[in-house]
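Asker: Provided herewith is a single structure, encoded as structure tokens, for subsequent inquiry.
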Amino acid sequence: MATMTLINAINDGLRAEMERDKNVIVLGEDVGVNGGVFRATADLYQNFGEKRSFDTPLAESAIIGTAIGLANHGFRPVPEIQFAGFIYECMDQISTQAARIRMRSGGRFTAPITVRIPYGGGVKTPEMHSDSLEALFLHSPGVKVVVPSNPYDAKGLLIAAIREDDPVIFYEPMKLYRSIKADVPEEAYTVEIGKANIVREGSDVTILAYGTMVHTAEKAADLAEKERGVKAEVIDLRTISPFDLDTIISSVKKTHRAVIVHEAAQTGGVGAELATRINEEAILSLEAPVVRVAGFDTPYPLTAIEDEYLPTPERIAAGIYKTLDF
Amino acid sequence: MSNVMELKEGTEMFQILNEDGEIVDGQKVPDLSDDELKDLYRWMLRIRTFDGRAIKLNRQGRLGFYAPMAGQEACQIASMAALKKSDMLYPSYRDVGTAMYHGLPMENVFLNSRGQIHGMKTPEDVNAYPPQIIIAAQVLHCAGSGWAFRLKEEDHVAICFFGDGATSEGDFHEGMNFASVYEANSIFFCQNNQYAISVPIHKQMKSETIAQKAIGYGMAGIRVDGNDALAVYQATKEAADRARKGEGPTLIEGVTYRVGPHTMAGDDPGRYRTKDEEESWTSKRDPLKRLRKFLDSKGLWSDEEEEKVQKEVLDEMNETIKKVEKAPKGTVAELMDGLYTEPTPLIKKQKDEYLTWKEGK
């Protein structure tokens, strides 16, 4: 065991997989000599050389498109898109090209690529860097979407993603890169994609969250317990697509209430899909409508008001009380 | 001798056969045996014949989506003839000629046209991607594929085909740049057929030629008479030789003409070009007529052989269309099964619910 930040854990996961499989390569803007703008790929260039770690030209569509071509010949590329706000530049290559090639070619070609993307707010970035655009890929059949919330999961999920034969969008919460530490095994291990994690058991309400918002949801659970004695169950989804429906529904059938939390804009987001699923699978168990606590239906704001834009423990607690007081 | 860049930085056009089917002064016939020359023509004739009948089958409602390729046979066949079966092909939707030459069964082409889901199920031994629909997206795959060959120090080549319109796309620029930076074993074959649906090349760009764009990427580039099979063959062969030796990618501009409509889905070229213009391309500049004249001059071809090849293709098409008309359309369940390596629990649930409903009807 070693104590690692989330960014250390990602770096360690990349190192472990590059040691295990010579076909694992990293590519992207500044990922080579510099080790990435967040240092996620630190020392990989120095340790694995210029044929495993590539400082690419500055072009997101080509980073994904060439990764698809590289993957046609045995490589398992791990491209980095420097910030989530830049993802629209490569939407076609992810959602039309990588996502569909297995189906289109009848299995003759696949795209085993893991697209790493720092995402989310709360770190005072310039405009258009802090978006949470996971719902775009929930709505893109053929890719999987993973969002870790802690160093242990980050390493295990990343290794699982790299070993997946299907394309995985791996969103890394920027806010958590260096703000949390945890014990992480030094050897390679996997955390199963598609399985949620119940981070706190409770009986009164289910809070569904992922990434940075798992921690905000836990604070909200503390607050609600303190203020009104609420026992909230907090579930870390870990995978957005395919989300762990069984764990979600079992919990809601137990607690009879659900609050979904995400940083992304509310309308048409992950919360909308999960609320619908809960209605489809557990409506007779519900004591109150499902509540969403999310970003507002605007683009992500400039930094001076980002703390107001992002869900807070207080806003989530208010959502919890809404389900209790219905 | 390399013809690259000797042609005044990509503005002159490389030609071996003139419009009368004669060898241009100072040029020589590529290193092809008589049988190989005949095979080149035979395949171009196959594709010309295929195209004519495919258009009829579309009008009869027996084929669906179809993008005619008449006029572009030299670009499609002579280029692929310069490559090996182990090389990787990334065609666009108009390039089924390249794919069939590379080994894609006609059955696949028909199934795909008719929207039957197994049409793009590429046989294991055919190194061809499904035809690309998104303009220029395949340029990036070709760059990545050629980059992979380079990294693995393999002497294979990746080639992609796209049209003049594709050169306006960001993916074209990004792919060319990446391939050049990584000295990828890639060939970018632009069939400049003069129109992107209705938009002529002079509205598409201000540069004099497409080939000269290669200069900006630090890449080999050549403008070739795309209706001259021998020039197309030679240019592609030289590009492939360079790539195999690790000397990097090449942009080839084949100057040609799309004789038919953009697709069979209602495009009327009469709205954007003249009959005179069409005739200027279909008379002396026609790629088949020119190669046929050359073969005739060497006594290598006859009307009997011409008819035999045409009949072979038409017979094969008749059999194949009957076969695919009886073939399964595919099912939504198969679509779901083929999306991921293993269907996800959510997909399985959706499939089960749908099939349960369907069976209960």
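Letters A, B, ... mark the chains of the structure tokens in the order given; residue numbers begin at 1 per chain; ligand numbers begin at 1, in order shown.
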What's the 12 Å shell around Gln132 in chain B, counting only C-alpha atoms, without same-chain residues fewer than 2 positions away, as JSON, numbers by chain?
Answerer: {"A": [93, 96, 97, 100, 101, 104, 105], "B": [89, 90, 91, 92, 93, 94, 95, 96, 99, 120, 128, 129, 130, 134, 135, 136, 137, 138, 139, 140, 141, 142, 160, 161, 162, 163, 166]}
Asker: Convert the current residue selection to file output with C-alpha atoms, as a CSV table (one decimal), in the first residue's frame.
Answerer:
chain,number,residue,atom,x,y,z
A,93,GLN,CA,-14.6,10.5,-33.6
A,96,THR,CA,-19.8,8.0,-34.5
A,97,GLN,CA,-16.5,6.4,-35.2
A,100,ARG,CA,-19.9,2.2,-33.7
A,101,ILE,CA,-17.0,0.4,-35.4
A,104,ARG,CA,-20.7,-1.6,-38.1
A,105,SER,CA,-17.9,-4.0,-39.1
B,89,LEU,CA,-7.9,0.4,-46.8
B,90,TYR,CA,-10.2,3.1,-45.6
B,91,PRO,CA,-12.7,3.9,-48.3
B,92,SER,CA,-15.6,6.4,-48.4
B,93,TYR,CA,-19.1,5.5,-49.6
B,94,ARG,CA,-18.2,6.1,-53.3
B,95,ASP,CA,-15.2,3.8,-53.2
B,96,VAL,CA,-16.8,0.4,-53.3
B,99,ALA,CA,-13.0,-2.3,-51.6
B,120,MET,CA,-20.6,-4.2,-43.2
B,128,ALA,CA,-10.8,-2.8,-45.4
B,129,TYR,CA,-12.8,-0.6,-43.1
B,130,PRO,CA,-16.6,-0.2,-43.7
B,134,ILE,CA,-18.8,11.2,-42.4
B,135,ILE,CA,-16.7,13.3,-44.8
B,136,ALA,CA,-12.9,13.1,-44.0
B,137,ALA,CA,-13.3,11.1,-40.8
B,138,GLN,CA,-11.3,8.2,-42.4
B,139,VAL,CA,-8.4,10.5,-43.0
B,140,LEU,CA,-7.6,10.3,-39.3
B,141,HIS,CA,-8.0,6.5,-39.2
B,142,CYS,CA,-5.6,6.2,-42.1
B,160,CYS,CA,-7.7,6.2,-47.6
B,161,PHE,CA,-9.9,7.6,-50.3
B,162,PHE,CA,-11.9,10.8,-50.1
B,163,GLY,CA,-13.2,13.5,-52.4
B,166,ALA,CA,-13.2,16.5,-47.9
Asker: Using only C-alpha atoms and a cut-off of 9 Å, which residues of chain A sit close to chain B? Please list them as number ranges by chain.
Answerer: A: 51, 56-75, 92-93, 96-97, 99-110, 141-143, 164-166, 194, 241-245
Asker: Could you give me, as a list in words, the residues within 6 Å of Pro148 in chain A, counting only C-alpha atoms and dropping anything in the same chain fewer than 6 positions from it?
Answerer: Ala154, Gly211 and Arg238 of chain A
Asker: So which residues touch range 223-233 of chain A within 7 Å, counting only C-alpha atoms, skipping near sequence neighbours fewer than 6 positions away, as a PyMOL selection string?
Answerer: chain A and resi 200-207+317
Asker: Quick one: residues within 8 Å of Gly319 in chain A, only C-alpha atoms, excluding same-chain residues fewer than 4 positions away - as a PyMOL selection string?
Answerer: chain A and resi 259+291-293+315+323
Asker: Please extract the residues of range 214-284 of chain A with a backbone DSSP assignment of strand (DSSP E or B) and present them as a list in words.
Answerer: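 The residues of range 214-284 of chain A classed as strand (DSSP E or B) are Ala232, Glu233, Val234, Ile235, Asp236, Thr239, Ile240, Ser241, Ala258, Val259, Ile260, Val261, His262, Glu263, Ala264 and Ala265 of chain A.
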